[in-house]
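> TSV, C-alpha atoms, saved as protein_23.tsv, coming up:
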chain	number	residue	atom	x	y	z
A	22	MET	CA	102.16	17.34	-10.93
A	23	ASP	CA	100.31	14.03	-10.65
A	24	ASN	CA	97.82	13.84	-13.53
A	25	SER	CA	96.48	10.45	-12.49
A	26	SER	CA	92.72	10.19	-12.11
A	27	GLY	CA	92.94	6.86	-10.32
A	28	VAL	CA	91.44	5.06	-13.34
A	29	GLY	CA	94.48	3.72	-15.13
A	30	VAL	CA	92.94	2.80	-18.46
A	31	LEU	CA	91.38	6.25	-18.84
A	32	ASP	CA	94.65	7.95	-17.97
A	33	LYS	CA	96.43	5.90	-20.63
A	34	ALA	CA	93.72	6.63	-23.22
A	35	ALA	CA	94.10	10.34	-22.45
A	36	LEU	CA	97.83	10.03	-23.05
A	37	VAL	CA	97.15	8.53	-26.49
A	38	LEU	CA	94.69	11.28	-27.44
A	39	GLY	CA	97.08	13.96	-26.18
A	40	ALA	CA	99.89	12.53	-28.28
A	41	LEU	CA	97.71	12.83	-31.38
A	42	GLU	CA	96.97	16.51	-30.80
A	43	THR	CA	100.06	17.55	-32.77
A	44	GLY	CA	99.13	15.53	-35.86
A	45	PRO	CA	99.40	12.10	-37.50
A	46	THR	CA	101.48	9.65	-35.48
A	47	THR	CA	102.76	6.13	-36.06
A	48	LEU	CA	102.56	3.43	-33.43
A	49	ALA	CA	106.24	3.97	-32.70
A	50	GLY	CA	105.52	7.68	-32.28
A	51	LEU	CA	102.72	6.92	-29.81
A	52	VAL	CA	105.04	4.71	-27.79
A	53	ALA	CA	107.70	7.43	-27.70
A	54	ALA	CA	105.23	10.21	-26.83
A	55	THR	CA	103.29	8.35	-24.13
A	56	GLY	CA	105.88	6.07	-22.59
A	57	LEU	CA	103.40	3.21	-22.86
A	58	ALA	CA	104.46	-0.30	-23.81
A	59	ARG	CA	104.00	-0.96	-27.52
A	60	PRO	CA	101.22	-3.60	-27.06
A	61	THR	CA	99.37	-1.28	-24.66
A	62	ALA	CA	99.61	1.73	-26.97
A	63	HIS	CA	98.39	-0.35	-29.91
A	64	ARG	CA	95.51	-1.88	-27.96
A	65	LEU	CA	94.31	1.49	-26.71
A	66	ALA	CA	94.64	3.20	-30.11
A	67	VAL	CA	92.64	0.43	-31.82
A	68	ALA	CA	89.97	0.53	-29.08
A	69	LEU	CA	89.69	4.32	-29.46
A	70	GLU	CA	89.48	3.86	-33.23
A	71	HIS	CA	86.52	1.50	-32.71
A	72	HIS	CA	84.70	4.34	-30.96
A	73	ARG	CA	85.77	6.87	-33.65
A	74	LEU	CA	87.80	8.86	-31.14
A	75	VAL	CA	90.87	7.92	-33.19
A	76	SER	CA	91.10	7.40	-36.94
A	77	ARG	CA	93.79	6.69	-39.56
A	78	ASP	CA	95.15	8.73	-42.44
A	79	LEU	CA	96.02	7.37	-45.88
A	80	GLN	CA	99.45	6.26	-44.63
A	81	GLY	CA	97.90	4.28	-41.78
A	82	ARG	CA	99.05	6.74	-39.11
A	83	PHE	CA	96.81	7.43	-36.13
A	84	ILE	CA	94.95	10.76	-36.06
A	85	LEU	CA	92.22	12.26	-33.90
A	86	GLY	CA	88.84	10.87	-34.91
A	87	PRO	CA	85.61	12.55	-36.04
A	88	ARG	CA	83.72	11.66	-32.86
A	89	LEU	CA	85.67	14.30	-30.93
A	90	GLY	CA	84.33	17.06	-33.15
A	91	GLU	CA	80.82	15.67	-32.92
A	92	LEU	CA	80.94	15.63	-29.14
A	93	ALA	CA	82.29	19.19	-28.99
A	94	SER	CA	79.52	20.44	-31.23
A	95	ALA	CA	76.82	18.53	-29.33
A	96	ALA	CA	77.99	20.03	-26.05
A	97	GLY	CA	77.78	23.52	-27.49
A	98	GLU	CA	81.40	24.17	-26.56
A	99	ASP	CA	82.78	24.84	-30.02
A	100	ARG	CA	82.67	28.62	-29.85
A	101	LEU	CA	84.53	28.97	-33.11
A	102	LEU	CA	81.88	27.13	-35.11
A	103	ALA	CA	79.10	28.89	-33.22
A	104	THR	CA	80.56	32.26	-34.19
A	105	ALA	CA	81.74	31.43	-37.70
A	106	GLY	CA	78.34	31.56	-39.43
A	107	PRO	CA	77.63	35.28	-39.02
A	108	VAL	CA	81.27	36.23	-39.63
A	109	LEU	CA	81.42	34.23	-42.87
A	110	ALA	CA	78.07	35.64	-44.00
A	111	ARG	CA	79.38	39.17	-43.51
A	112	LEU	CA	82.59	38.30	-45.36
A	113	ARG	CA	80.52	36.92	-48.24
A	114	ASP	CA	78.44	40.08	-48.36
A	115	ILE	CA	81.51	42.35	-48.30
A	116	THR	CA	83.43	40.47	-50.99
A	117	GLY	CA	80.55	39.09	-53.06
A	118	GLU	CA	82.27	35.68	-53.01
A	119	SER	CA	81.68	32.37	-51.22
A	120	ALA	CA	83.35	32.23	-47.79
A	121	GLN	CA	84.59	29.16	-45.93
A	122	MET	CA	86.40	28.10	-42.80
A	123	PHE	CA	88.78	25.13	-42.86
A	124	ARG	CA	90.43	23.06	-40.17
A	125	ARG	CA	93.27	20.64	-40.67
A	126	GLN	CA	92.71	16.94	-40.06
A	127	GLY	CA	95.78	14.88	-40.79
A	128	ASP	CA	96.76	15.22	-44.44
A	129	TYR	CA	93.51	16.97	-45.30
A	130	ARG	CA	91.71	20.20	-44.58
A	131	VAL	CA	88.01	20.00	-43.83
A	132	CYS	CA	85.41	22.67	-44.53
A	133	VAL	CA	83.66	23.20	-41.18
A	134	ALA	CA	81.57	26.28	-42.02
A	135	THR	CA	80.53	28.10	-45.17
A	136	ALA	CA	78.50	31.01	-46.51
A	137	GLU	CA	77.69	30.54	-50.19
A	138	ARG	CA	77.30	33.29	-52.76
A	139	MET	CA	73.58	33.56	-53.42
A	140	SER	CA	73.62	33.59	-57.22
A	141	GLY	CA	75.84	33.49	-60.26
A	142	LEU	CA	79.04	31.55	-60.82
A	143	ARG	CA	80.56	30.49	-57.50
A	144	ASP	CA	82.98	28.07	-55.89
A	145	SER	CA	80.82	25.78	-53.77
A	146	VAL	CA	82.53	23.89	-50.93
A	147	PRO	CA	79.90	22.15	-48.75
A	148	VAL	CA	80.47	21.64	-45.02
A	149	GLY	CA	82.30	18.36	-44.45
A	150	THR	CA	84.23	18.48	-47.72
A	151	GLN	CA	87.77	17.12	-47.39
A	152	LEU	CA	90.37	18.81	-49.57
A	153	THR	CA	94.06	18.09	-49.95
A	154	MET	CA	96.73	19.96	-48.01
A	155	THR	CA	98.90	20.09	-51.12
A	156	ALA	CA	97.10	22.96	-52.88
A	157	GLY	CA	95.05	26.07	-52.17
A	158	SER	CA	95.44	29.18	-50.06
A	159	ALA	CA	93.78	27.64	-46.97
A	160	ALA	CA	96.26	24.76	-47.08
A	161	GLN	CA	99.11	27.26	-47.22
A	162	VAL	CA	97.79	29.10	-44.16
A	163	LEU	CA	97.28	25.89	-42.17
A	164	LEU	CA	100.85	24.77	-42.92
A	165	ALA	CA	102.78	28.06	-42.88
A	166	TRP	CA	103.09	28.33	-39.07
A	167	GLU	CA	103.77	24.66	-38.36
A	168	GLU	CA	106.98	23.41	-36.78
A	169	PRO	CA	109.79	23.12	-39.36
A	170	ASP	CA	109.78	19.32	-39.51
A	171	ARG	CA	106.01	19.13	-39.99
A	172	MET	CA	106.20	21.90	-42.55
A	173	GLN	CA	108.83	20.04	-44.57
A	174	ARG	CA	106.71	16.88	-44.53
A	175	GLY	CA	103.69	18.88	-45.63
A	176	LEU	CA	105.58	20.42	-48.54
A	177	ARG	CA	106.20	17.01	-50.12
A	178	GLY	CA	104.12	16.84	-53.28
A	179	SER	CA	102.59	20.27	-52.71
A	180	ARG	CA	101.99	22.82	-55.45
A	181	TYR	CA	103.49	25.61	-53.35
A	182	SER	CA	107.00	26.04	-51.95
A	183	ALA	CA	108.77	26.90	-48.72
A	184	VAL	CA	109.41	30.34	-50.22
A	185	ALA	CA	105.66	30.79	-50.72
A	186	LEU	CA	104.99	29.84	-47.09
A	187	ALA	CA	107.60	32.33	-45.91
A	188	ALA	CA	105.71	35.02	-47.83
A	189	VAL	CA	102.45	33.91	-46.18
A	190	ARG	CA	104.00	34.29	-42.72
A	191	ARG	CA	105.42	37.70	-43.62
A	192	ARG	CA	102.20	39.25	-44.89
A	193	GLY	CA	99.70	37.25	-42.80
A	194	TRP	CA	97.58	35.86	-45.64
A	195	ALA	CA	97.77	33.53	-48.65
A	196	HIS	CA	96.26	33.47	-52.09
A	197	SER	CA	96.13	30.90	-54.87
A	198	VAL	CA	95.17	31.05	-58.53
A	199	GLY	CA	94.19	27.82	-60.24
A	200	GLU	CA	96.20	25.87	-57.66
A	201	ARG	CA	93.48	23.63	-56.25
A	202	GLU	CA	91.14	23.71	-59.23
A	203	PRO	CA	91.51	25.28	-62.70
A	204	GLY	CA	89.68	28.59	-62.97
A	205	VAL	CA	89.33	29.09	-59.20
A	206	ALA	CA	91.15	31.67	-57.08
A	207	SER	CA	91.09	32.13	-53.30
A	208	VAL	CA	92.40	34.21	-50.41
A	209	SER	CA	92.86	32.88	-46.85
A	210	ALA	CA	93.98	34.15	-43.43
A	211	PRO	CA	94.68	32.38	-40.12
A	212	VAL	CA	92.41	32.05	-37.09
A	213	ARG	CA	94.46	31.74	-33.90
A	214	SER	CA	93.78	30.28	-30.47
A	215	PRO	CA	94.49	32.40	-27.37
A	216	SER	CA	97.98	30.84	-27.28
A	217	GLY	CA	98.63	32.06	-30.83
A	218	LYS	CA	98.42	28.68	-32.53
A	219	VAL	CA	96.81	28.64	-36.00
A	220	ILE	CA	93.74	26.44	-35.63
A	221	ALA	CA	91.71	27.33	-38.73
A	222	ALA	CA	91.79	29.26	-41.99
A	223	VAL	CA	89.11	31.66	-43.24
A	224	SER	CA	88.81	31.90	-47.02
A	225	VAL	CA	86.95	33.45	-49.89
A	226	SER	CA	86.96	31.72	-53.25
A	227	GLY	CA	85.50	32.20	-56.69
A	228	PRO	CA	86.26	32.30	-60.40
A	229	ILE	CA	89.52	33.88	-61.53
A	230	GLU	CA	87.58	36.11	-63.92
A	231	ARG	CA	86.15	37.95	-60.88
A	232	LEU	CA	88.95	37.58	-58.34
A	233	SER	CA	91.69	38.23	-60.94
A	234	ARG	CA	95.16	36.74	-60.85
A	235	GLN	CA	95.98	38.90	-57.81
A	236	PRO	CA	93.02	38.07	-55.55
A	237	GLY	CA	94.86	39.20	-52.43
A	238	ARG	CA	94.82	42.80	-53.66
A	239	LEU	CA	91.03	42.66	-53.78
A	240	HIS	CA	90.10	40.69	-50.70
A	241	ALA	CA	93.01	40.20	-48.27
A	242	PRO	CA	91.93	43.06	-45.92
A	243	ALA	CA	88.38	41.69	-45.58
A	244	VAL	CA	89.55	38.10	-45.08
A	245	ILE	CA	92.12	39.15	-42.47
A	246	ALA	CA	89.48	41.17	-40.62
A	247	ALA	CA	87.10	38.18	-40.54
A	248	ALA	CA	89.83	35.86	-39.26
A	249	GLU	CA	90.81	38.39	-36.59
A	250	ARG	CA	87.19	38.69	-35.43
A	251	LEU	CA	87.07	34.93	-34.86
A	252	SER	CA	90.44	34.96	-33.11
A	253	GLU	CA	89.19	37.73	-30.83
A	254	VAL	CA	86.13	35.65	-29.88
A	255	LEU	CA	88.45	32.85	-28.81
A	256	ARG	CA	90.67	35.25	-26.85
A	257	ARG	CA	87.69	36.68	-24.97
A	258	SER	CA	86.31	33.24	-24.14
A	259	GLY	CA	89.71	31.73	-23.29
A	260	ALA	CA	88.83	28.73	-25.49
A	261	GLU	CA	91.60	26.75	-27.15
Will you turn the file into structure tokens for me?


Amino acid sequence: MDNSSGVGVLDKAALVLGALETGPTTLAGLVAATGLARPTAHRLAVALEHHRLVSRDLQGRFILGPRLGELASAAGEDRLLATAGPVLARLRDITGESAQMFRRQGDYRVCVATAERMSGLRDSVPVGTQLTMTAGSAAQVLLAWEEPDRMQRGLRGSRYSAVALAAVRRRGWAHSVGEREPGVASVSAPVRSPSGKVIAAVSVSGPIERLSRQPGRLHAPAVIAAAERLSEVLRRSGAE
């Protein structure tokens, strides 16, 4: 099928953005994925970076930029974010703990929605917070269903193991105790696109003294139910 729009530079820019959909990519990776000449791929990636459609991670690799998320939200097309607020608020009310939703961006996970516990000791993660992919139950969920090569790269320097991720895939949820931050425990479950791809993680988090050292026993069913509600919204809408 001919995917040409007749505007060559836009077609090539779309190739670059499409190549970044699977994660951080070097210039050599862009060349291989797009078939573009190296100078052309570099020129387009840098131009897209200028407009914040492309960004860089800490290793200098190209990643999708923040402007894409801003445009999606402004257009009102991000059904997941539009639906997340009420679902997270209900999850907070059921569990009594702060609830969040995370998306992966390169080597980080970003909090894109939250419902804070109203009073008392809580784990506060404001919207926009970037957290490492090397620790925490949400990081485990966002990595557990990746392709094997990406998973192995993600495990480098992480505080969890391949065995732990296998357990996450088997039971459908993850928990962590003092992994991201001393004294904090969390439980997370995956949100899936209509194609089945894990695109976000729903979490509850709070002090270990309330969640215990087995937080999944307390809250996994509620977290899974919240994640499945969001996945169902995406299935009904057909949104990726």

> Which of these, A:Val162, A:Leu89, A:Val146, A:Leu101, has the shortest distance to Val75 of chain A once you count all atoms listed in the file?

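When distances to Val75 of chain A are compared using all atoms listed in the file, the smallest one comes from A:Leu89.
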
> Within 12 Å of Ala35 of chain A, counting all atoms listed in the file, which residues qualify if same-chain residues fewer than 2 places away don't, as a VMD selection string?

chain A and resid 24 to 26 28 to 33 37 to 42 51 54 to 55 57 62 65 to 66 69 74 to 75 85

> Would you save the residues from that selection as a PDB file, keeping the file's coordinate frame, using C-alpha atoms?


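Contents of result.pdb, freshly written:
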ATOM      1  CA  ASN A  24      97.820  13.840 -13.530  1.00  0.00           C
ATOM      2  CA  SER A  25      96.480  10.450 -12.490  1.00  0.00           C
ATOM      3  CA  SER A  26      92.720  10.190 -12.110  1.00  0.00           C
ATOM      4  CA  VAL A  28      91.440   5.060 -13.340  1.00  0.00           C
ATOM      5  CA  GLY A  29      94.480   3.720 -15.130  1.00  0.00           C
ATOM      6  CA  VAL A  30      92.940   2.800 -18.460  1.00  0.00           C
ATOM      7  CA  LEU A  31      91.380   6.250 -18.840  1.00  0.00           C
ATOM      8  CA  ASP A  32      94.650   7.950 -17.970  1.00  0.00           C
ATOM      9  CA  LYS A  33      96.430   5.900 -20.630  1.00  0.00           C
ATOM     10  CA  VAL A  37      97.150   8.530 -26.490  1.00  0.00           C
ATOM     11  CA  LEU A  38      94.690  11.280 -27.440  1.00  0.00           C
ATOM     12  CA  GLY A  39      97.080  13.960 -26.180  1.00  0.00           C
ATOM     13  CA  ALA A  40      99.890  12.530 -28.280  1.00  0.00           C
ATOM     14  CA  LEU A  41      97.710  12.830 -31.380  1.00  0.00           C
ATOM     15  CA  GLU A  42      96.970  16.510 -30.800  1.00  0.00           C
ATOM     16  CA  LEU A  51     102.720   6.920 -29.810  1.00  0.00           C
ATOM     17  CA  ALA A  54     105.230  10.210 -26.830  1.00  0.00           C
ATOM     18  CA  THR A  55     103.290   8.350 -24.130  1.00  0.00           C
ATOM     19  CA  LEU A  57     103.400   3.210 -22.860  1.00  0.00           C
ATOM     20  CA  ALA A  62      99.610   1.730 -26.970  1.00  0.00           C
ATOM     21  CA  LEU A  65      94.310   1.490 -26.710  1.00  0.00           C
ATOM     22  CA  ALA A  66      94.640   3.200 -30.110  1.00  0.00           C
ATOM     23  CA  LEU A  69      89.690   4.320 -29.460  1.00  0.00           C
ATOM     24  CA  LEU A  74      87.800   8.860 -31.140  1.00  0.00           C
ATOM     25  CA  VAL A  75      90.870   7.920 -33.190  1.00  0.00           C
ATOM     26  CA  LEU A  85      92.220  12.260 -33.900  1.00  0.00           C
TER      27      LEU A  85
END

> Can you tell me, as a PyMOL selection string, what residues are no more than 12 Å from Gly44 of chain A when counting all atoms listed in the file, ignoring any on the same chain fewer than 6 positions away?

chain A and resi 37-38+50-51+75-78+82-86+125-129+164+167-168+170-172+174-175

> Given all atoms listed in the file as the basis, pick out the residue of A:Ala248, A:Val198, A:Ile220, A:Ala156 nearest to Ser233 of chain A.

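Ranked by minimum distance to Ser233 of chain A, first place goes to A:Val198.
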
> Identify which of the residues A:Ala221, A:Ala136, A:Ala49, A:Ala165 lies closest to Val148 of chain A, counting all atoms listed in the file when measuring atom-to-atom distances.

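Among the listed residues, A:Ala136 lies closest to Val148 of chain A.
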
> Can you measure atom CA of Gly237 of chain A to atom CA of Ala195 of chain A for me? One decimal in Å is fine.

7.4 Å

> To one decimal in Å, tell me the separation between atom CA of Ser224 of chain A and atom CA of Leu102 of chain A.

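Calculated distance between atom CA of Ser224 of chain A and atom CA of Leu102 of chain A is 14.6 Å.
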
> For a quick check of understanding, using all atoms listed in the file, which of A:Leu48, A:Leu109, A:Val244, A:Ala183 has the smallest distance to His63 of chain A?

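Distance minimum relative to His63 of chain A lands on A:Leu48.
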
> For the atom pair atom CA of Ala222 of chain A and atom CA of Leu251 of chain A, what is the interatomic distance in Å to one decimal place?

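Interatomic distance here is 10.3 Å.
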
> Rebuild segment 233-249 of chain A so that it carries N, CA, C and O atoms, then output the result as a PDB file, in the frame of the given file.


ATOM      1  N   SER A 233      90.475  37.841 -60.217  1.00  0.00           N
ATOM      2  CA  SER A 233      91.690  38.230 -60.940  1.00  0.00           C
ATOM      3  C   SER A 233      92.843  37.299 -60.574  1.00  0.00           C
ATOM      4  O   SER A 233      92.706  36.401 -59.739  1.00  0.00           O
ATOM      5  N   ARG A 234      93.989  37.545 -61.149  1.00  0.00           N
ATOM      6  CA  ARG A 234      95.160  36.740 -60.850  1.00  0.00           C
ATOM      7  C   ARG A 234      95.952  37.299 -59.657  1.00  0.00           C
ATOM      8  O   ARG A 234      97.013  36.793 -59.308  1.00  0.00           O
ATOM      9  N   GLN A 235      95.429  38.343 -59.042  1.00  0.00           N
ATOM     10  CA  GLN A 235      95.980  38.900 -57.810  1.00  0.00           C
ATOM     11  C   GLN A 235      94.844  39.066 -56.798  1.00  0.00           C
ATOM     12  O   GLN A 235      94.519  40.179 -56.371  1.00  0.00           O
ATOM     13  N   PRO A 236      94.225  37.959 -56.395  1.00  0.00           N
ATOM     14  CA  PRO A 236      93.020  38.070 -55.550  1.00  0.00           C
ATOM     15  C   PRO A 236      93.294  38.697 -54.189  1.00  0.00           C
ATOM     16  O   PRO A 236      92.393  39.276 -53.580  1.00  0.00           O
ATOM     17  N   GLY A 237      94.542  38.596 -53.712  1.00  0.00           N
ATOM     18  CA  GLY A 237      94.860  39.200 -52.430  1.00  0.00           C
ATOM     19  C   GLY A 237      94.698  40.702 -52.424  1.00  0.00           C
ATOM     20  O   GLY A 237      94.339  41.304 -51.410  1.00  0.00           O
ATOM     21  N   ARG A 238      94.977  41.344 -53.565  1.00  0.00           N
ATOM     22  CA  ARG A 238      94.820  42.800 -53.660  1.00  0.00           C
ATOM     23  C   ARG A 238      93.364  43.205 -53.463  1.00  0.00           C
ATOM     24  O   ARG A 238      93.081  44.288 -52.928  1.00  0.00           O
ATOM     25  N   LEU A 239      92.459  42.336 -53.894  1.00  0.00           N
ATOM     26  CA  LEU A 239      91.030  42.660 -53.780  1.00  0.00           C
ATOM     27  C   LEU A 239      90.486  42.350 -52.387  1.00  0.00           C
ATOM     28  O   LEU A 239      89.736  43.147 -51.817  1.00  0.00           O
ATOM     29  N   HIS A 240      90.847  41.191 -51.847  1.00  0.00           N
ATOM     30  CA  HIS A 240      90.100  40.690 -50.700  1.00  0.00           C
ATOM     31  C   HIS A 240      90.908  40.390 -49.439  1.00  0.00           C
ATOM     32  O   HIS A 240      90.313  40.023 -48.411  1.00  0.00           O
ATOM     33  N   ALA A 241      92.234  40.521 -49.473  1.00  0.00           N
ATOM     34  CA  ALA A 241      93.010  40.200 -48.270  1.00  0.00           C
ATOM     35  C   ALA A 241      92.562  40.998 -47.040  1.00  0.00           C
ATOM     36  O   ALA A 241      92.411  40.420 -45.953  1.00  0.00           O
ATOM     37  N   PRO A 242      92.330  42.324 -47.133  1.00  0.00           N
ATOM     38  CA  PRO A 242      91.930  43.060 -45.920  1.00  0.00           C
ATOM     39  C   PRO A 242      90.642  42.526 -45.295  1.00  0.00           C
ATOM     40  O   PRO A 242      90.560  42.396 -44.061  1.00  0.00           O
ATOM     41  N   ALA A 243      89.653  42.189 -46.114  1.00  0.00           N
ATOM     42  CA  ALA A 243      88.380  41.690 -45.580  1.00  0.00           C
ATOM     43  C   ALA A 243      88.545  40.309 -44.964  1.00  0.00           C
ATOM     44  O   ALA A 243      87.961  40.003 -43.906  1.00  0.00           O
ATOM     45  N   VAL A 244      89.340  39.449 -45.600  1.00  0.00           N
ATOM     46  CA  VAL A 244      89.550  38.100 -45.080  1.00  0.00           C
ATOM     47  C   VAL A 244      90.333  38.153 -43.765  1.00  0.00           C
ATOM     48  O   VAL A 244      90.003  37.455 -42.801  1.00  0.00           O
ATOM     49  N   ILE A 245      91.353  38.988 -43.699  1.00  0.00           N
ATOM     50  CA  ILE A 245      92.120  39.150 -42.470  1.00  0.00           C
ATOM     51  C   ILE A 245      91.223  39.651 -41.342  1.00  0.00           C
ATOM     52  O   ILE A 245      91.281  39.162 -40.209  1.00  0.00           O
ATOM     53  N   ALA A 246      90.367  40.620 -41.646  1.00  0.00           N
ATOM     54  CA  ALA A 246      89.480  41.170 -40.620  1.00  0.00           C
ATOM     55  C   ALA A 246      88.523  40.105 -40.085  1.00  0.00           C
ATOM     56  O   ALA A 246      88.269  40.034 -38.874  1.00  0.00           O
ATOM     57  N   ALA A 247      88.002  39.254 -40.973  1.00  0.00           N
ATOM     58  CA  ALA A 247      87.100  38.180 -40.540  1.00  0.00           C
ATOM     59  C   ALA A 247      87.834  37.187 -39.653  1.00  0.00           C
ATOM     60  O   ALA A 247      87.320  36.762 -38.604  1.00  0.00           O
ATOM     61  N   ALA A 248      89.053  36.798 -40.058  1.00  0.00           N
ATOM     62  CA  ALA A 248      89.830  35.860 -39.260  1.00  0.00           C
ATOM     63  C   ALA A 248      90.172  36.458 -37.895  1.00  0.00           C
ATOM     64  O   ALA A 248      90.136  35.760 -36.867  1.00  0.00           O
ATOM     65  N   GLU A 249      90.484  37.742 -37.862  1.00  0.00           N
ATOM     66  CA  GLU A 249      90.810  38.390 -36.590  1.00  0.00           C
ATOM     67  C   GLU A 249      89.589  38.492 -35.680  1.00  0.00           C
ATOM     68  O   GLU A 249      89.719  38.405 -34.450  1.00  0.00           O
TER      69      GLU A 249
END
